[in-house]
Amino acid sequence: MFANQRIWKRKRDELSTRRAALLHQLDVKPQDPGLSSQLKVIDAEILECTRNMERISSVRPSPAEPKN
């Protein structure tokens with residue numbers, strides 16, 4: 001399960017990098033509607049990655065409690 005979480009995190013990081021580049025382009029061309037729609041798509045994909053990471057971490061078994 002750890003591998004799956006790393007994959008989702010890597011994908012989310014890549015999407016965040018693309019989002020930052022789009023935000024920079026949006027500063028240069030604020031009237032471009034295509035950039036805004038691309039940002040919406042990337043934001044939805046980042047949200048999906050985050051939810052998958054949370055789902056995986058909630059399924060992960062907790063460490064065994066030490067016996068006294």
# chains A, B, ... in the order shown; residues from 1 in each chain; ligands from 1

$ select_by_dssp --residues "chain A" --states "alpha helix (DSSP H)" --output "JSON, numbers by chain"
{"A": [2, 3, 4, 5, 6, 7, 8, 9, 10, 11, 12, 13, 14, 15, 16, 17, 18, 19, 20, 21, 22, 23, 24, 25, 26, 27, 28, 33, 34, 35, 36, 37, 38, 39, 40, 41, 42, 43, 44, 45, 46, 47, 48, 49, 50, 51, 52, 53, 54, 55, 56, 57, 58, 59]}

$ write_last_selection --atoms "N, CA and C atoms" --output "compact mmCIF listing (two decimals), in the first residue's frame"
# COMPACT_ATOMS: atom_id res chain seq x y z
N PHE A 2 2.03 1.18 0.58
CA PHE A 2 2.89 2.35 0.61
C PHE A 2 3.25 2.79 -0.80
N ALA A 3 3.46 1.83 -1.69
CA ALA A 3 3.83 2.16 -3.07
C ALA A 3 2.71 2.92 -3.75
N ASN A 4 1.47 2.50 -3.54
CA ASN A 4 0.33 3.20 -4.14
C ASN A 4 0.24 4.64 -3.64
N GLN A 5 0.48 4.84 -2.37
CA GLN A 5 0.41 6.18 -1.82
C GLN A 5 1.52 7.06 -2.41
N ARG A 6 2.70 6.48 -2.59
CA ARG A 6 3.80 7.25 -3.20
C ARG A 6 3.47 7.62 -4.64
N ILE A 7 2.81 6.71 -5.35
CA ILE A 7 2.44 7.00 -6.73
C ILE A 7 1.46 8.16 -6.78
N TRP A 8 0.45 8.14 -5.91
CA TRP A 8 -0.53 9.23 -5.88
C TRP A 8 0.13 10.54 -5.48
N LYS A 9 1.07 10.47 -4.54
CA LYS A 9 1.75 11.69 -4.11
C LYS A 9 2.59 12.26 -5.25
N ARG A 10 3.29 11.39 -5.97
CA ARG A 10 4.11 11.85 -7.09
C ARG A 10 3.23 12.49 -8.16
N LYS A 11 2.09 11.85 -8.45
CA LYS A 11 1.18 12.41 -9.45
C LYS A 11 0.65 13.77 -8.99
N ARG A 12 0.30 13.86 -7.70
CA ARG A 12 -0.19 15.14 -7.17
C ARG A 12 0.88 16.22 -7.25
N ASP A 13 2.13 15.86 -6.95
CA ASP A 13 3.22 16.83 -7.04
C ASP A 13 3.43 17.31 -8.48
N GLU A 14 3.34 16.38 -9.43
CA GLU A 14 3.48 16.75 -10.84
C GLU A 14 2.35 17.68 -11.27
N LEU A 15 1.14 17.37 -10.83
CA LEU A 15 0.00 18.23 -11.16
C LEU A 15 0.16 19.62 -10.52
N SER A 16 0.68 19.66 -9.32
CA SER A 16 0.89 20.95 -8.65
C SER A 16 1.91 21.79 -9.41
N THR A 17 2.93 21.15 -9.96
CA THR A 17 3.92 21.86 -10.76
C THR A 17 3.28 22.41 -12.03
N ARG A 18 2.46 21.59 -12.69
CA ARG A 18 1.75 22.07 -13.89
C ARG A 18 0.81 23.21 -13.54
N ARG A 19 0.16 23.10 -12.38
CA ARG A 19 -0.78 24.16 -11.95
C ARG A 19 -0.04 25.47 -11.73
N ALA A 20 1.12 25.39 -11.12
CA ALA A 20 1.91 26.61 -10.87
C ALA A 20 2.31 27.27 -12.19
N ALA A 21 2.67 26.47 -13.18
CA ALA A 21 3.03 27.02 -14.49
C ALA A 21 1.82 27.69 -15.15
N LEU A 22 0.66 27.06 -15.01
CA LEU A 22 -0.56 27.66 -15.58
C LEU A 22 -0.92 28.96 -14.87
N LEU A 23 -0.72 29.01 -13.57
CA LEU A 23 -1.00 30.25 -12.84
C LEU A 23 -0.08 31.38 -13.31
N HIS A 24 1.16 31.03 -13.60
CA HIS A 24 2.09 32.03 -14.13
C HIS A 24 1.60 32.53 -15.49
N GLN A 25 1.16 31.61 -16.34
CA GLN A 25 0.63 32.01 -17.65
C GLN A 25 -0.62 32.86 -17.50
N LEU A 26 -1.43 32.54 -16.50
CA LEU A 26 -2.65 33.30 -16.26
C LEU A 26 -2.33 34.73 -15.82
N ASP A 27 -1.22 34.92 -15.11
CA ASP A 27 -0.78 36.27 -14.75
C ASP A 27 -0.43 37.07 -16.00
N VAL A 28 0.16 36.38 -16.99
CA VAL A 28 0.56 37.05 -18.22
C VAL A 28 -0.64 37.31 -19.12
N PRO A 33 -9.56 32.27 -21.45
CA PRO A 33 -10.49 31.35 -20.77
C PRO A 33 -9.99 29.90 -20.79
N GLY A 34 -9.14 29.56 -21.74
CA GLY A 34 -8.62 28.20 -21.81
C GLY A 34 -7.77 27.86 -20.61
N LEU A 35 -7.01 28.84 -20.13
CA LEU A 35 -6.16 28.60 -18.96
C LEU A 35 -7.00 28.32 -17.72
N SER A 36 -8.08 29.06 -17.59
CA SER A 36 -8.95 28.85 -16.42
C SER A 36 -9.58 27.46 -16.44
N SER A 37 -9.99 27.02 -17.61
CA SER A 37 -10.60 25.69 -17.68
C SER A 37 -9.56 24.59 -17.43
N GLN A 38 -8.33 24.80 -17.89
CA GLN A 38 -7.27 23.83 -17.61
C GLN A 38 -6.98 23.77 -16.10
N LEU A 39 -7.01 24.92 -15.44
CA LEU A 39 -6.79 24.95 -13.99
C LEU A 39 -7.88 24.17 -13.26
N LYS A 40 -9.12 24.30 -13.71
CA LYS A 40 -10.22 23.57 -13.08
C LYS A 40 -10.00 22.06 -13.18
N VAL A 41 -9.56 21.61 -14.35
CA VAL A 41 -9.32 20.19 -14.56
C VAL A 41 -8.19 19.71 -13.65
N ILE A 42 -7.10 20.47 -13.59
CA ILE A 42 -5.97 20.08 -12.76
C ILE A 42 -6.36 20.09 -11.28
N ASP A 43 -7.13 21.08 -10.87
CA ASP A 43 -7.59 21.12 -9.47
C ASP A 43 -8.41 19.87 -9.13
N ALA A 44 -9.26 19.44 -10.05
CA ALA A 44 -10.07 18.24 -9.82
C ALA A 44 -9.17 17.01 -9.72
N GLU A 45 -8.14 16.94 -10.55
CA GLU A 45 -7.22 15.80 -10.50
C GLU A 45 -6.40 15.80 -9.22
N ILE A 46 -5.99 16.98 -8.76
CA ILE A 46 -5.26 17.07 -7.49
C ILE A 46 -6.15 16.61 -6.34
N LEU A 47 -7.41 17.01 -6.37
CA LEU A 47 -8.36 16.59 -5.34
C LEU A 47 -8.52 15.07 -5.35
N GLU A 48 -8.61 14.48 -6.53
CA GLU A 48 -8.73 13.02 -6.64
C GLU A 48 -7.50 12.33 -6.05
N CYS A 49 -6.32 12.85 -6.35
CA CYS A 49 -5.09 12.26 -5.80
C CYS A 49 -5.08 12.34 -4.28
N THR A 50 -5.47 13.50 -3.76
CA THR A 50 -5.49 13.69 -2.31
C THR A 50 -6.47 12.73 -1.66
N ARG A 51 -7.64 12.58 -2.25
CA ARG A 51 -8.64 11.66 -1.68
C ARG A 51 -8.14 10.22 -1.72
N ASN A 52 -7.48 9.84 -2.81
CA ASN A 52 -6.94 8.48 -2.89
C ASN A 52 -5.86 8.26 -1.85
N MET A 53 -5.02 9.26 -1.62
CA MET A 53 -3.98 9.14 -0.59
C MET A 53 -4.62 8.99 0.79
N GLU A 54 -5.66 9.77 1.05
CA GLU A 54 -6.34 9.68 2.35
C GLU A 54 -7.02 8.32 2.51
N ARG A 55 -7.62 7.83 1.44
CA ARG A 55 -8.30 6.54 1.48
C ARG A 55 -7.29 5.43 1.79
N ILE A 56 -6.14 5.49 1.14
CA ILE A 56 -5.12 4.47 1.36
C ILE A 56 -4.60 4.54 2.80
N SER A 57 -4.38 5.75 3.30
CA SER A 57 -3.84 5.87 4.66
C SER A 57 -4.87 5.44 5.71
N SER A 58 -6.16 5.59 5.42
CA SER A 58 -7.17 5.17 6.39
C SER A 58 -7.36 3.65 6.38
N VAL A 59 -7.00 3.00 5.30
CA VAL A 59 -7.12 1.55 5.21
C VAL A 59 -5.92 0.88 5.84
